[in-house]
Amino acid sequence: MEIKSAVFIKSSPTTNGVFEDALPHVAFIGRSNVGKSSTINALTKIKGLAKTSSAPGATKQINMFLVNNKFYIVDLPGYGFVKGSVAKRDVLHNLIEEYLSFVFEEQKIVLIIDAKVGPTKDDLDILSSLERLGKNIVIAVNKIDKLKNSEIKTQKQKISSQVGPHKIVFYSAEKSDSVKELWAKISE
Ligand SMILES: Nc1nc2c(ncn2[C@@H]2O[C@H](COP(=O)(O)OP(=O)(O)OP(=O)(O)O)[C@@H](O)[C@H]2O)c(=O)[nH]1
Ligand SMILES: [Mg+2]
């Protein structure tokens, strides 16, 4: 399915109202700075649709974009970002947890992992939670442009074996490399 239109609908500091109209969700989660917002901009081909930043902690609320008037792309805050107070960080982590705890059939979760760093402990913990919650999961490995050609094959094999039997795509939001393949996997 092609993305024909994408419009920002709202930013929400809580999950209130986030599921109210029952349209399907495709939500992006991952470590702070891994490129969730950049991925949304690459997929929709709208620069600046989701706010990005080179400093971690850019996305602080649940941001919803209506796509093709049919479903939402959901940009979530990142986890693992420590700057600022621990209390603030916990608020963001609780928001992610609250979002994930919602039982909603029409929800896909795209877990973004950094190709160079590989899955961190936090990534693997979140993945276990998603599995336990029975979520529909796609693993999206971003920033492949940061790998040397000689590293790509081994890093792909390593990450694939670390995350287990999930749908997985390697891509670069920045270079728009394999972004089509990512969307194809999400749409399956
Ligand atoms: N080299 C490279 N950099 C990327 C890629 N995708 C995103 N970035 C950069 O990574 C940084 C973080 O991108 P964001 O999209 O803001 O990351 P985020 O996951 O939304 O971050 P938070 O909202 O803070 O959780 C920015 O400087 C992007 O330009 C990529 O494919 N390759
Ligand atoms: Mg963001």
# chains A, B, ... in the order shown; residues from 1 in each chain; ligands from 1
>>> select_by_dssp(residues="segment 75-151 of chain A", states="helix (DSSP H, G or I)", output="VMD selection string")
chain A and resid 86 to 101 121 to 132 144 to 146 149 to 151
>>> residues_near_ligand(ligand="ligand 1", cutoff="7 Å", atoms="only C-alpha atoms and all ligand atoms", output="NGL selection string")
:A and (30-39 or 51-60 or 77-79 or 142-146 or 171-175)
>>> closest_residue(among="A:Ile168, A:Met1, A:Leu111, A:Leu182", to="Lys156 of chain A", atoms="only C-alpha atoms")
A:Ile168
>>> select_by_dssp(residues="chain A", states="strand (DSSP E or B)", output="CSV table (one decimal) with C-alpha atoms, in the first residue's frame")
chain,number,residue,atom,x,y,z
A,6,ALA,CA,0.2,12.1,5.8
A,7,VAL,CA,-0.9,14.8,8.1
A,8,PHE,CA,-0.1,15.7,11.7
A,9,ILE,CA,-3.1,15.2,13.9
A,10,LYS,CA,-2.0,15.7,17.5
A,11,SER,CA,0.6,15.4,20.2
A,12,SER,CA,-0.6,13.9,23.4
A,25,HIS,CA,-1.8,2.2,14.4
A,26,VAL,CA,1.7,1.7,13.1
A,27,ALA,CA,3.9,2.8,16.1
A,28,PHE,CA,7.6,3.4,16.0
A,29,ILE,CA,9.6,2.7,19.2
A,30,GLY,CA,13.3,2.5,20.0
A,31,ARG,CA,16.2,4.0,21.8
A,62,ILE,CA,2.7,10.6,21.5
A,63,ASN,CA,2.6,12.2,18.1
A,64,MET,CA,0.0,11.0,15.7
A,65,PHE,CA,0.0,11.3,11.9
A,66,LEU,CA,-3.1,10.3,9.8
A,67,VAL,CA,-2.0,8.4,6.7
A,71,PHE,CA,-4.6,4.7,9.8
A,72,TYR,CA,-2.2,6.5,12.2
A,73,ILE,CA,1.6,6.5,12.2
A,74,VAL,CA,2.5,7.0,15.8
A,75,ASP,CA,5.8,8.6,16.8
A,79,TYR,CA,13.9,5.2,25.8
A,107,GLN,CA,-1.6,-2.2,16.1
A,108,LYS,CA,1.8,-2.8,14.6
A,109,ILE,CA,4.9,-2.0,16.5
A,110,VAL,CA,8.1,-1.2,14.6
A,111,LEU,CA,11.1,-1.6,16.9
A,112,ILE,CA,14.0,0.4,15.5
A,113,ILE,CA,17.5,-0.7,16.3
A,114,ASP,CA,20.8,1.0,15.4
A,136,ASN,CA,2.6,-7.6,15.8
A,137,ILE,CA,6.3,-6.8,15.6
A,138,VAL,CA,8.7,-5.6,12.8
A,139,ILE,CA,12.3,-5.1,13.5
A,140,ALA,CA,13.7,-2.1,11.6
A,141,VAL,CA,17.5,-1.8,11.7
A,142,ASN,CA,18.4,1.8,10.8
A,167,LYS,CA,10.3,-9.7,10.3
A,168,ILE,CA,13.5,-7.7,9.9
A,169,VAL,CA,14.6,-5.0,7.5
A,170,PHE,CA,17.9,-3.1,7.3
A,172,SER,CA,18.8,4.0,6.2
A,177,ASP,CA,18.0,3.3,1.3
>>> closest_residue(among="A:Ser101, A:Gln61, A:Ser160, A:Thr15", to="ligand 2", atoms="only C-alpha atoms and all ligand atoms")
A:Gln61
>>> closest_residue(among="A:Ala184, A:Ala22, A:Ile152, A:Leu49", to="ligand 2", atoms="only C-alpha atoms and all ligand atoms")
A:Leu49
>>> atom_distance(atom1="atom CA of Lys185 of chain A", atom2="atom CA of Tyr99 of chain A")
22.4 Å
>>> closest_residue(among="A:Phe102, A:Trp183, A:Phe81, A:Phe19", to="ligand 2", atoms="only C-alpha atoms and all ligand atoms")
A:Phe81
>>> closest_residue(among="A:Thr44, A:Pro24, A:Val18, A:Ala50", to="ligand 2", atoms="only C-alpha atoms and all ligand atoms")
A:Ala50
>>> atom_distance(atom1="atom CA of Pro13 of chain A", atom2="atom CA of Val103 of chain A")
19.0 Å
>>> closest_residue(among="A:His166, A:Glu2, A:Val117, A:Gly48", to="ligand 2", atoms="only C-alpha atoms and all ligand atoms")
A:Gly48
>>> atom_distance(atom1="atom CA of Asn68 of chain A", atom2="atom CA of Ser187 of chain A")
13.3 Å
